[in-house]
$ cat protein-v8.cif   # mmCIF, C-alpha atoms, pLDDT in the B column; chains and numbers go by the auth columns
data_final
#
loop_
_atom_site.group_PDB
_atom_site.id
_atom_site.type_symbol
_atom_site.label_atom_id
_atom_site.label_comp_id
_atom_site.label_asym_id
_atom_site.label_seq_id
_atom_site.Cartn_x
_atom_site.Cartn_y
_atom_site.Cartn_z
_atom_site.B_iso_or_equiv
_atom_site.auth_seq_id
_atom_site.auth_asym_id
ATOM 1 C CA MET A 1 12.541 -24.614 0.817 57.00 1 A
ATOM 2 C CA GLU A 2 12.043 -21.026 1.963 64.00 2 A
ATOM 3 C CA LYS A 3 8.502 -19.893 2.734 76.00 3 A
ATOM 4 C CA ALA A 4 6.884 -17.294 0.461 75.00 4 A
ATOM 5 C CA THR A 5 6.011 -14.138 2.407 84.00 5 A
ATOM 6 C CA LYS A 6 4.772 -10.640 1.621 87.00 6 A
ATOM 7 C CA HIS A 7 7.459 -8.096 0.757 89.00 7 A
ATOM 8 C CA ILE A 8 7.145 -4.348 0.291 92.00 8 A
ATOM 9 C CA ILE A 9 9.130 -2.987 -2.642 93.00 9 A
ATOM 10 C CA THR A 10 9.232 0.751 -3.284 93.00 10 A
ATOM 11 C CA ALA A 11 10.441 2.121 -6.611 93.00 11 A
ATOM 12 C CA LEU A 12 11.150 5.695 -7.598 94.00 12 A
ATOM 13 C CA VAL A 13 10.208 5.911 -11.284 95.00 13 A
ATOM 14 C CA SER A 14 9.850 8.488 -14.043 94.00 14 A
ATOM 15 C CA ASN A 15 6.509 10.264 -13.935 94.00 15 A
ATOM 16 C CA LYS A 16 5.429 9.650 -17.521 93.00 16 A
ATOM 17 C CA ALA A 17 2.990 7.601 -19.545 93.00 17 A
ATOM 18 C CA GLY A 18 3.673 3.898 -19.978 91.00 18 A
ATOM 19 C CA VAL A 19 5.883 3.345 -16.928 92.00 19 A
ATOM 20 C CA LEU A 20 3.191 1.535 -14.930 89.00 20 A
ATOM 21 C CA THR A 21 2.424 -0.688 -17.936 90.00 21 A
ATOM 22 C CA ARG A 22 6.087 -1.646 -18.361 89.00 22 A
ATOM 23 C CA LEU A 23 6.504 -2.346 -14.654 88.00 23 A
ATOM 24 C CA SER A 24 3.348 -4.460 -14.311 86.00 24 A
ATOM 25 C CA GLY A 25 4.221 -6.226 -17.583 87.00 25 A
ATOM 26 C CA LEU A 26 7.543 -7.246 -16.091 86.00 26 A
ATOM 27 C CA PHE A 27 5.716 -8.895 -13.185 85.00 27 A
ATOM 28 C CA ALA A 28 3.260 -10.630 -15.536 86.00 28 A
ATOM 29 C CA ARG A 29 5.973 -11.979 -17.866 87.00 29 A
ATOM 30 C CA ARG A 30 7.839 -13.476 -14.915 82.00 30 A
ATOM 31 C CA GLY A 31 4.679 -14.972 -13.409 84.00 31 A
ATOM 32 C CA TYR A 32 4.824 -12.859 -10.238 84.00 32 A
ATOM 33 C CA ASN A 33 1.589 -11.659 -8.712 84.00 33 A
ATOM 34 C CA ILE A 34 1.241 -8.118 -7.370 88.00 34 A
ATOM 35 C CA ASP A 35 -0.694 -8.306 -4.102 89.00 35 A
ATOM 36 C CA SER A 36 -1.148 -4.534 -3.973 90.00 36 A
ATOM 37 C CA LEU A 37 0.141 -1.537 -5.895 91.00 37 A
ATOM 38 C CA SER A 38 0.035 2.098 -4.876 92.00 38 A
ATOM 39 C CA VAL A 39 1.321 4.856 -7.151 92.00 39 A
ATOM 40 C CA CYS A 40 1.625 8.531 -6.278 91.00 40 A
ATOM 41 C CA GLY A 41 3.499 11.682 -7.176 89.00 41 A
ATOM 42 C CA THR A 42 6.442 12.849 -5.100 89.00 42 A
ATOM 43 C CA HIS A 43 7.853 16.229 -4.138 89.00 43 A
ATOM 44 C CA ASN A 44 9.688 16.079 -7.485 91.00 44 A
ATOM 45 C CA PRO A 45 7.169 16.397 -10.361 92.00 45 A
ATOM 46 C CA ASP A 46 9.439 14.296 -12.615 93.00 46 A
ATOM 47 C CA ARG A 47 9.182 11.262 -10.311 94.00 47 A
ATOM 48 C CA SER A 48 6.458 8.925 -9.079 94.00 48 A
ATOM 49 C CA ARG A 49 6.658 6.526 -6.183 94.00 49 A
ATOM 50 C CA MET A 50 5.372 2.970 -6.560 93.00 50 A
ATOM 51 C CA THR A 51 4.786 0.804 -3.515 93.00 51 A
ATOM 52 C CA ILE A 52 4.419 -2.821 -4.545 92.00 52 A
ATOM 53 C CA VAL A 53 3.469 -5.681 -2.253 91.00 53 A
ATOM 54 C CA ALA A 54 4.468 -9.023 -3.741 88.00 54 A
ATOM 55 C CA VAL A 55 4.498 -12.532 -2.324 86.00 55 A
ATOM 56 C CA GLY A 56 7.584 -14.650 -2.755 84.00 56 A
ATOM 57 C CA ASP A 57 10.649 -16.082 -1.140 86.00 57 A
ATOM 58 C CA GLU A 58 13.810 -14.012 -0.828 87.00 58 A
ATOM 59 C CA ASP A 59 15.270 -15.294 -4.128 88.00 59 A
ATOM 60 C CA GLU A 60 12.098 -14.408 -6.040 87.00 60 A
ATOM 61 C CA ILE A 61 11.957 -10.911 -4.537 87.00 61 A
ATOM 62 C CA ASN A 62 15.636 -10.323 -5.317 89.00 62 A
ATOM 63 C CA GLN A 63 14.964 -11.444 -8.902 89.00 63 A
ATOM 64 C CA ILE A 64 12.083 -8.954 -9.149 88.00 64 A
ATOM 65 C CA VAL A 65 14.355 -6.160 -7.880 90.00 65 A
ATOM 66 C CA ARG A 66 17.081 -7.072 -10.399 91.00 66 A
ATOM 67 C CA GLN A 67 14.530 -6.989 -13.220 89.00 67 A
ATOM 68 C CA LEU A 68 13.090 -3.650 -12.046 90.00 68 A
ATOM 69 C CA ASP A 69 16.600 -2.231 -11.845 90.00 69 A
ATOM 70 C CA LYS A 70 17.034 -2.917 -15.577 90.00 70 A
ATOM 71 C CA LEU A 71 14.124 -0.636 -16.495 90.00 71 A
ATOM 72 C CA VAL A 72 15.339 2.745 -17.758 90.00 72 A
ATOM 73 C CA ASP A 73 12.520 4.596 -15.991 93.00 73 A
ATOM 74 C CA CYS A 74 13.193 2.938 -12.634 93.00 74 A
ATOM 75 C CA HIS A 75 15.608 5.217 -10.746 93.00 75 A
ATOM 76 C CA LYS A 76 15.880 3.625 -7.309 92.00 76 A
ATOM 77 C CA ILE A 77 14.442 0.578 -5.560 93.00 77 A
ATOM 78 C CA MET A 78 14.177 -0.310 -1.884 91.00 78 A
ATOM 79 C CA ILE A 79 12.867 -3.396 -0.112 91.00 79 A
ATOM 80 C CA PHE A 80 11.367 -2.369 3.219 88.00 80 A
ATOM 81 C CA GLU A 81 12.031 -4.435 6.312 83.00 81 A
ATOM 82 C CA PRO A 82 8.785 -4.727 8.307 78.00 82 A
ATOM 83 C CA THR A 83 10.340 -3.426 11.533 81.00 83 A
ATOM 84 C CA GLU A 84 12.141 -0.579 9.770 86.00 84 A
ATOM 85 C CA SER A 85 9.144 0.900 7.972 88.00 85 A
ATOM 86 C CA VAL A 86 5.775 2.499 8.583 90.00 86 A
ATOM 87 C CA LYS A 87 2.967 1.114 6.426 91.00 87 A
ATOM 88 C CA ARG A 88 -0.615 2.239 6.071 94.00 88 A
ATOM 89 C CA GLU A 89 -3.635 1.453 3.956 95.00 89 A
ATOM 90 C CA LEU A 90 -7.066 3.046 3.566 96.00 90 A
ATOM 91 C CA LEU A 91 -10.267 0.994 3.705 97.00 91 A
ATOM 92 C CA LEU A 92 -13.783 2.062 2.768 98.00 92 A
ATOM 93 C CA ILE A 93 -16.376 -0.540 3.672 98.00 93 A
ATOM 94 C CA LYS A 94 -20.160 -0.497 3.218 98.00 94 A
ATOM 95 C CA VAL A 95 -21.935 -2.732 5.715 97.00 95 A
ATOM 96 C CA ASN A 96 -25.529 -3.908 5.861 95.00 96 A
ATOM 97 C CA VAL A 97 -26.885 -2.496 9.127 93.00 97 A
ATOM 98 C CA PRO A 98 -30.506 -2.712 10.178 89.00 98 A
ATOM 99 C CA ALA A 99 -31.436 0.078 12.596 86.00 99 A
ATOM 100 C CA ASP A 100 -31.467 -2.254 15.626 90.00 100 A
ATOM 101 C CA LYS A 101 -27.827 -3.308 14.946 91.00 101 A
ATOM 102 C CA ARG A 102 -26.476 0.217 14.418 93.00 102 A
ATOM 103 C CA PRO A 103 -25.306 0.662 18.066 94.00 103 A
ATOM 104 C CA GLU A 104 -23.205 -2.526 17.736 93.00 104 A
ATOM 105 C CA ILE A 105 -21.483 -1.196 14.610 93.00 105 A
ATOM 106 C CA GLU A 106 -20.926 2.221 16.194 94.00 106 A
ATOM 107 C CA SER A 107 -19.403 0.613 19.296 94.00 107 A
ATOM 108 C CA THR A 108 -17.052 -1.557 17.240 94.00 108 A
ATOM 109 C CA ALA A 109 -16.101 1.402 15.053 94.00 109 A
ATOM 110 C CA ASN A 110 -15.320 3.583 18.090 94.00 110 A
ATOM 111 C CA MET A 111 -13.283 0.836 19.713 94.00 111 A
ATOM 112 C CA MET A 112 -11.146 0.392 16.563 94.00 112 A
ATOM 113 C CA LYS A 113 -10.879 4.137 15.760 94.00 113 A
ATOM 114 C CA VAL A 114 -12.940 3.770 12.591 97.00 114 A
ATOM 115 C CA LYS A 115 -14.941 6.703 11.196 97.00 115 A
ATOM 116 C CA ILE A 116 -18.520 6.210 10.075 97.00 116 A
ATOM 117 C CA ILE A 117 -18.656 8.564 7.105 97.00 117 A
ATOM 118 C CA ASP A 118 -22.083 7.803 5.623 96.00 118 A
ATOM 119 C CA VAL A 119 -25.339 6.556 7.117 94.00 119 A
ATOM 120 C CA ALA A 120 -28.286 5.266 5.104 94.00 120 A
ATOM 121 C CA PRO A 121 -31.472 3.584 6.392 93.00 121 A
ATOM 122 C CA THR A 122 -30.019 0.082 5.964 94.00 122 A
ATOM 123 C CA SER A 123 -26.271 0.572 5.636 96.00 123 A
ATOM 124 C CA VAL A 124 -23.236 2.520 6.807 96.00 124 A
ATOM 125 C CA ILE A 125 -19.934 3.315 5.147 97.00 125 A
ATOM 126 C CA CYS A 126 -16.882 3.216 7.375 98.00 126 A
ATOM 127 C CA GLU A 127 -13.423 4.631 6.757 98.00 127 A
ATOM 128 C CA MET A 128 -10.341 3.135 8.371 97.00 128 A
ATOM 129 C CA THR A 129 -6.651 3.854 7.965 96.00 129 A
ATOM 130 C CA GLY A 130 -3.990 1.658 9.465 95.00 130 A
ATOM 131 C CA GLU A 131 -1.780 -1.370 9.153 93.00 131 A
ATOM 132 C CA PRO A 132 -3.208 -3.939 6.716 92.00 132 A
ATOM 133 C CA VAL A 133 -3.579 -6.520 9.518 93.00 133 A
ATOM 134 C CA LYS A 134 -5.847 -4.159 11.483 95.00 134 A
ATOM 135 C CA LEU A 135 -7.982 -3.548 8.389 97.00 135 A
ATOM 136 C CA ASP A 136 -8.280 -7.314 7.910 96.00 136 A
ATOM 137 C CA LYS A 137 -9.485 -7.668 11.511 97.00 137 A
ATOM 138 C CA PHE A 138 -12.146 -4.977 11.064 97.00 138 A
ATOM 139 C CA ILE A 139 -13.359 -6.628 7.855 97.00 139 A
ATOM 140 C CA GLU A 140 -13.737 -9.929 9.714 97.00 140 A
ATOM 141 C CA LEU A 141 -15.722 -8.199 12.472 96.00 141 A
ATOM 142 C CA MET A 142 -18.082 -6.700 9.864 96.00 142 A
ATOM 143 C CA ARG A 143 -18.557 -9.916 7.872 96.00 143 A
ATOM 144 C CA PRO A 144 -21.445 -11.257 10.045 95.00 144 A
ATOM 145 C CA TYR A 145 -23.457 -8.075 9.339 94.00 145 A
ATOM 146 C CA GLY A 146 -23.040 -8.462 5.584 96.00 146 A
ATOM 147 C CA ILE A 147 -20.410 -6.563 3.637 97.00 147 A
ATOM 148 C CA LEU A 148 -22.113 -4.886 0.705 97.00 148 A
ATOM 149 C CA GLU A 149 -18.950 -3.434 -0.806 97.00 149 A
ATOM 150 C CA LEU A 150 -15.376 -2.575 0.093 97.00 150 A
ATOM 151 C CA ALA A 151 -12.389 -0.835 -1.438 97.00 151 A
ATOM 152 C CA ARG A 152 -8.774 -0.762 -0.271 95.00 152 A
ATOM 153 C CA THR A 153 -6.051 1.548 -1.521 93.00 153 A
ATOM 154 C CA GLY A 154 -3.160 -0.859 -1.192 90.00 154 A
ATOM 155 C CA VAL A 155 -0.189 -0.371 1.078 91.00 155 A
ATOM 156 C CA THR A 156 1.892 2.763 1.099 90.00 156 A
ATOM 157 C CA ALA A 157 5.044 2.885 3.199 90.00 157 A
ATOM 158 C CA LEU A 158 8.041 4.941 4.275 89.00 158 A
ATOM 159 C CA SER A 159 11.256 3.723 5.851 87.00 159 A
ATOM 160 C CA ARG A 160 11.900 4.812 9.431 87.00 160 A
ATOM 161 C CA GLY A 161 14.679 7.252 10.250 84.00 161 A
ATOM 162 C CA ARG A 162 16.725 9.214 7.733 80.00 162 A
ATOM 163 C CA ASP A 163 16.747 6.610 4.937 77.00 163 A
ATOM 164 C CA CYS A 164 14.907 7.945 1.873 81.00 164 A
ATOM 165 C CA ILE A 165 14.295 6.489 -1.548 81.00 165 A
ATOM 166 C CA ASP A 166 14.837 9.931 -3.067 76.00 166 A
ATOM 167 C CA ASP A 167 17.717 12.239 -2.348 64.00 167 A
ATOM 168 C CA VAL A 168 15.638 15.052 -0.875 54.00 168 A
ATOM 169 C CA MET A 169 18.644 17.249 -0.171 45.00 169 A
ATOM 170 C CA ASP A 170 19.691 17.419 -3.835 50.00 170 A
ATOM 171 C CA TYR A 171 16.142 18.253 -4.907 46.00 171 A
ATOM 172 C CA ASN A 172 15.767 20.950 -2.230 48.00 172 A
ATOM 173 C CA LEU A 173 19.071 22.501 -3.296 47.00 173 A
ATOM 174 C CA GLU A 174 17.912 22.598 -6.926 50.00 174 A
ATOM 175 C CA ILE A 175 14.624 24.350 -6.216 49.00 175 A
ATOM 176 C CA ASN A 176 16.232 26.865 -3.861 49.00 176 A
ATOM 177 C CA LYS A 177 18.768 28.092 -6.481 47.00 177 A
#
$ encode --input "protein-v8.cif" --output "structure tokens"
Amino acid sequence: MEKATKHIITALVSNKAGVLTRLSGLFARRGYNIDSLSVCGTHNPDRSRMTIVAVGDEDEINQIVRQLDKLVDCHKIMIFEPTESVKRELLLIKVNVPADKRPEIESTANMMKVKIIDVAPTSVICEMTGEPVKLDKFIELMRPYGILELARTGVTALSRGRDCIDDVMDYNLEINK
């Protein structure tokens, strides 16, 4: 039996009300969990880009893609290969930091290229952008101090090289007419 792993699926969808509900409903009806979901506008105001991280084996992911492809508002779908894509995520984390421990936090933050964006008498808020694995490592380093709160954006990704989910050339030609 094939091992379930994380897969990054990107979908170019219509930018209109109800699309996210239909897409997430498809996952729910099939019993697939969405590990993370990031939705944003694109250079074309009629389209949105969804980056979905789902856990499953290859057959399950292919089934998800086939189901997404049936949605009228889903225009193009890509599964990103880990080595052929660039992925990033944003983390905001509020850590309990007594004054005597602040130099330790600052040192760790500097070492990992993390910004301290807010300082209070007993806590700091850090901002980190990077690969999800690096964010996980920073969270583990902060756990002994006491994590008061954290928020993650979910993965966003682009394929390396000239491959694009959207045909940029056609869009650029249209707007330059």
$ resolve_selection --input "protein-v8.cif" --expression "the PyMOL selection byres ((chain A and resi 151) around 12)" --output "ChimeraX atom specification"
/A:89-94,125-129,135,139,147-150,152-154
$ closest_residue --input "protein-v8.cif" --among "A:Arg88, A:Arg47, A:His7, A:Lys70" --to "Val155 of chain A" --atoms "only C-alpha atoms"
A:Arg88
$ closest_residue --input "protein-v8.cif" --among "A:Asp166, A:Asp73, A:Glu131, A:Glu140" --to "Leu20 of chain A" --atoms "all atoms listed in the file"
A:Asp73
$ resolve_selection --input "protein-v8.cif" --expression "the PyMOL selection byres ((chain A and resi 72) around 12)" --output "list of chain:residue names"
A:Leu12, A:Val13, A:Ser14, A:Gly18, A:Val19, A:Arg22, A:Leu23, A:Gln67, A:Leu68, A:Asp69, A:Lys70, A:Leu71, A:Asp73, A:Cys74, A:His75, A:Lys76
$ write_last_selection --input "protein-v8.cif" --atoms "C-alpha atoms" --output "mmCIF file, keeping the file's coordinate frame"
data_model
loop_
_atom_site.group_PDB
_atom_site.id
_atom_site.type_symbol
_atom_site.label_atom_id
_atom_site.label_comp_id
_atom_site.auth_asym_id
_atom_site.auth_seq_id
_atom_site.Cartn_x
_atom_site.Cartn_y
_atom_site.Cartn_z
ATOM 1 C CA LEU A 12 11.150 5.695 -7.598
ATOM 2 C CA VAL A 13 10.208 5.911 -11.284
ATOM 3 C CA SER A 14 9.850 8.488 -14.043
ATOM 4 C CA GLY A 18 3.673 3.898 -19.978
ATOM 5 C CA VAL A 19 5.883 3.345 -16.928
ATOM 6 C CA ARG A 22 6.087 -1.646 -18.361
ATOM 7 C CA LEU A 23 6.504 -2.346 -14.654
ATOM 8 C CA GLN A 67 14.530 -6.989 -13.220
ATOM 9 C CA LEU A 68 13.090 -3.650 -12.046
ATOM 10 C CA ASP A 69 16.600 -2.231 -11.845
ATOM 11 C CA LYS A 70 17.034 -2.917 -15.577
ATOM 12 C CA LEU A 71 14.124 -0.636 -16.495
ATOM 13 C CA ASP A 73 12.520 4.596 -15.991
ATOM 14 C CA CYS A 74 13.193 2.938 -12.634
ATOM 15 C CA HIS A 75 15.608 5.217 -10.746
ATOM 16 C CA LYS A 76 15.880 3.625 -7.309
#
$ closest_residue --input "protein-v8.cif" --among "A:Ala4, A:Met78, A:Leu158, A:Val114" --to "Gly56 of chain A" --atoms "all atoms listed in the file"
A:Ala4
$ residues_around --input "protein-v8.cif" --residues "Thr5 of chain A" --least-positions-apart "6" --cutoff "12 Å" --atoms "only C-alpha atoms" --output "list in words"
Asp35, Val53, Ala54, Val55, Gly56, Asp57, Glu58, Asp59, Glu60, Ile61 and Pro82 of chain A
$ resolve_selection --input "protein-v8.cif" --expression "the PyMOL selection byres ((chain A and resi 161) around 12)" --output "PyMOL selection string"
chain A and resi 83-86+158-160+162-165
$ closest_residue --input "protein-v8.cif" --among "A:His43, A:Lys115, A:Lys134, A:Arg66" --to "Lys87 of chain A" --atoms "all atoms listed in the file"
A:Lys134
$ atom_distance --input "protein-v8.cif" --atom1 "atom CA of Asp118 of chain A" --atom2 "atom CA of Ile105 of chain A"
12.7 Å
$ atom_distance --input "protein-v8.cif" --atom1 "atom CA of Met112 of chain A" --atom2 "atom CA of Leu141 of chain A"
10.6 Å
$ closest_residue --input "protein-v8.cif" --among "A:Phe80, A:Phe138, A:Tyr32, A:Tyr145" --to "Ser123 of chain A" --atoms "all atoms listed in the file"
A:Tyr145
$ axis_aligned_box --input "protein-v8.cif" --around "segment 75-83 of chain A" --padding-each-side "4 Å" --output "JSON"
{"center_x": 12.3, "center_y": 0.2, "center_z": 0.4, "size_x": 15.1, "size_y": 17.9, "size_z": 30.3}
$ residues_around --input "protein-v8.cif" --residues "Ser48 of chain A" --least-positions-apart "2" --cutoff "9 Å" --atoms "all atoms listed in the file" --output "ChimeraX atom specification"
/A:11-16,39-46,50
$ decode --input "protein-v8.cif" --residues "segment 74-105 of chain A" --atoms "N, CA and C atoms" --output "PDB file, in the first residue's frame"
ATOM      1  N   CYS A  74     -13.508  25.831 -12.238  1.00  0.00           N
ATOM      2  CA  CYS A  74     -12.106  25.442 -12.109  1.00  0.00           C
ATOM      3  C   CYS A  74     -11.508  25.370 -13.517  1.00  0.00           C
ATOM      4  N   HIS A  75     -10.611  26.303 -13.841  1.00  0.00           N
ATOM      5  CA  HIS A  75     -10.108  26.450 -15.205  1.00  0.00           C
ATOM      6  C   HIS A  75      -8.843  25.658 -15.506  1.00  0.00           C
ATOM      7  N   LYS A  76      -7.980  25.505 -14.527  1.00  0.00           N
ATOM      8  CA  LYS A  76      -6.752  24.738 -14.733  1.00  0.00           C
ATOM      9  C   LYS A  76      -6.244  24.259 -13.384  1.00  0.00           C
ATOM     10  N   ILE A  77      -5.658  23.070 -13.379  1.00  0.00           N
ATOM     11  CA  ILE A  77      -5.153  22.471 -12.143  1.00  0.00           C
ATOM     12  C   ILE A  77      -3.741  21.955 -12.395  1.00  0.00           C
ATOM     13  N   MET A  78      -2.877  22.154 -11.406  1.00  0.00           N
ATOM     14  CA  MET A  78      -1.524  21.608 -11.464  1.00  0.00           C
ATOM     15  C   MET A  78      -1.187  20.971 -10.122  1.00  0.00           C
ATOM     16  N   ILE A  79      -0.481  19.849 -10.175  1.00  0.00           N
ATOM     17  CA  ILE A  79       0.096  19.252  -8.973  1.00  0.00           C
ATOM     18  C   ILE A  79       1.572  19.592  -9.019  1.00  0.00           C
ATOM     19  N   PHE A  80       2.070  20.234  -7.976  1.00  0.00           N
ATOM     20  CA  PHE A  80       3.472  20.656  -7.955  1.00  0.00           C
ATOM     21  C   PHE A  80       4.367  19.560  -7.407  1.00  0.00           C
ATOM     22  N   GLU A  81       5.417  19.266  -8.137  1.00  0.00           N
ATOM     23  CA  GLU A  81       6.462  18.365  -7.656  1.00  0.00           C
ATOM     24  C   GLU A  81       7.328  19.162  -6.686  1.00  0.00           C
ATOM     25  N   PRO A  82       7.663  18.590  -5.536  1.00  0.00           N
ATOM     26  CA  PRO A  82       8.438  19.338  -4.534  1.00  0.00           C
ATOM     27  C   PRO A  82       9.729  19.943  -5.067  1.00  0.00           C
ATOM     28  N   THR A  83      10.448  19.234  -5.913  1.00  0.00           N
ATOM     29  CA  THR A  83      11.724  19.747  -6.418  1.00  0.00           C
ATOM     30  C   THR A  83      11.546  20.738  -7.558  1.00  0.00           C
ATOM     31  N   GLU A  84      10.361  20.806  -8.119  1.00  0.00           N
ATOM     32  CA  GLU A  84      10.102  21.684  -9.259  1.00  0.00           C
ATOM     33  C   GLU A  84       9.248  22.886  -8.887  1.00  0.00           C
ATOM     34  N   SER A  85       9.198  23.204  -7.588  1.00  0.00           N
ATOM     35  CA  SER A  85       8.375  24.336  -7.164  1.00  0.00           C
ATOM     36  C   SER A  85       9.044  25.072  -6.009  1.00  0.00           C
ATOM     37  N   VAL A  86       8.613  26.317  -5.840  1.00  0.00           N
ATOM     38  CA  VAL A  86       9.061  27.143  -4.729  1.00  0.00           C
ATOM     39  C   VAL A  86       7.837  27.358  -3.840  1.00  0.00           C
ATOM     40  N   LYS A  87       7.960  27.007  -2.569  1.00  0.00           N
ATOM     41  CA  LYS A  87       6.838  27.122  -1.644  1.00  0.00           C
ATOM     42  C   LYS A  87       7.237  27.974  -0.446  1.00  0.00           C
ATOM     43  N   ARG A  88       6.299  28.777   0.000  1.00  0.00           N
ATOM     44  CA  ARG A  88       6.535  29.627   1.159  1.00  0.00           C
ATOM     45  C   ARG A  88       5.262  29.712   1.988  1.00  0.00           C
ATOM     46  N   GLU A  89       5.483  30.058   3.259  1.00  0.00           N
ATOM     47  CA  GLU A  89       4.382  30.236   4.193  1.00  0.00           C
ATOM     48  C   GLU A  89       4.791  31.339   5.164  1.00  0.00           C
ATOM     49  N   LEU A  90       3.823  32.051   5.686  1.00  0.00           N
ATOM     50  CA  LEU A  90       4.068  33.107   6.667  1.00  0.00           C
ATOM     51  C   LEU A  90       3.599  32.623   8.036  1.00  0.00           C
ATOM     52  N   LEU A  91       4.428  32.877   9.050  1.00  0.00           N
ATOM     53  CA  LEU A  91       4.105  32.538  10.429  1.00  0.00           C
ATOM     54  C   LEU A  91       4.181  33.790  11.285  1.00  0.00           C
ATOM     55  N   LEU A  92       3.172  34.014  12.099  1.00  0.00           N
ATOM     56  CA  LEU A  92       3.218  34.989  13.183  1.00  0.00           C
ATOM     57  C   LEU A  92       3.093  34.180  14.457  1.00  0.00           C
ATOM     58  N   ILE A  93       4.000  34.413  15.395  1.00  0.00           N
ATOM     59  CA  ILE A  93       3.995  33.637  16.630  1.00  0.00           C
ATOM     60  C   ILE A  93       4.261  34.555  17.824  1.00  0.00           C
ATOM     61  N   LYS A  94       3.379  34.461  18.825  1.00  0.00           N
ATOM     62  CA  LYS A  94       3.540  35.241  20.058  1.00  0.00           C
ATOM     63  C   LYS A  94       4.075  34.298  21.130  1.00  0.00           C
ATOM     64  N   VAL A  95       5.220  34.677  21.687  1.00  0.00           N
ATOM     65  CA  VAL A  95       5.925  33.820  22.639  1.00  0.00           C
ATOM     66  C   VAL A  95       6.032  34.514  23.986  1.00  0.00           C
ATOM     67  N   ASN A  96       5.827  33.735  25.039  1.00  0.00           N
ATOM     68  CA  ASN A  96       6.013  34.209  26.403  1.00  0.00           C
ATOM     69  C   ASN A  96       7.509  34.405  26.632  1.00  0.00           C
ATOM     70  N   VAL A  97       7.919  35.641  26.946  1.00  0.00           N
ATOM     71  CA  VAL A  97       9.342  35.907  27.131  1.00  0.00           C
ATOM     72  C   VAL A  97       9.561  36.839  28.308  1.00  0.00           C
ATOM     73  N   PRO A  98       9.974  36.270  29.440  1.00  0.00           N
ATOM     74  CA  PRO A  98      10.379  37.144  30.545  1.00  0.00           C
ATOM     75  C   PRO A  98      11.624  37.927  30.123  1.00  0.00           C
ATOM     76  N   ALA A  99      11.826  39.073  30.695  1.00  0.00           N
ATOM     77  CA  ALA A  99      12.928  39.962  30.305  1.00  0.00           C
ATOM     78  C   ALA A  99      14.280  39.265  30.308  1.00  0.00           C
ATOM     79  N   ASP A 100      14.534  38.371  31.274  1.00  0.00           N
ATOM     80  CA  ASP A 100      15.842  37.715  31.346  1.00  0.00           C
ATOM     81  C   ASP A 100      16.064  36.695  30.227  1.00  0.00           C
ATOM     82  N   LYS A 101      14.999  36.265  29.543  1.00  0.00           N
ATOM     83  CA  LYS A 101      15.114  35.297  28.440  1.00  0.00           C
ATOM     84  C   LYS A 101      15.103  35.969  27.062  1.00  0.00           C
ATOM     85  N   ARG A 102      14.863  37.277  27.035  1.00  0.00           N
ATOM     86  CA  ARG A 102      14.758  37.982  25.758  1.00  0.00           C
ATOM     87  C   ARG A 102      16.012  37.835  24.886  1.00  0.00           C
ATOM     88  N   PRO A 103      17.237  37.933  25.437  1.00  0.00           N
ATOM     89  CA  PRO A 103      18.424  37.750  24.583  1.00  0.00           C
ATOM     90  C   PRO A 103      18.471  36.379  23.898  1.00  0.00           C
ATOM     91  N   GLU A 104      17.975  35.336  24.567  1.00  0.00           N
ATOM     92  CA  GLU A 104      17.942  33.999  23.959  1.00  0.00           C
ATOM     93  C   GLU A 104      17.025  33.985  22.737  1.00  0.00           C
ATOM     94  N   ILE A 105      15.855  34.586  22.885  1.00  0.00           N
ATOM     95  CA  ILE A 105      14.885  34.646  21.781  1.00  0.00           C
ATOM     96  C   ILE A 105      15.464  35.461  20.633  1.00  0.00           C
TER      97      ILE A 105
END
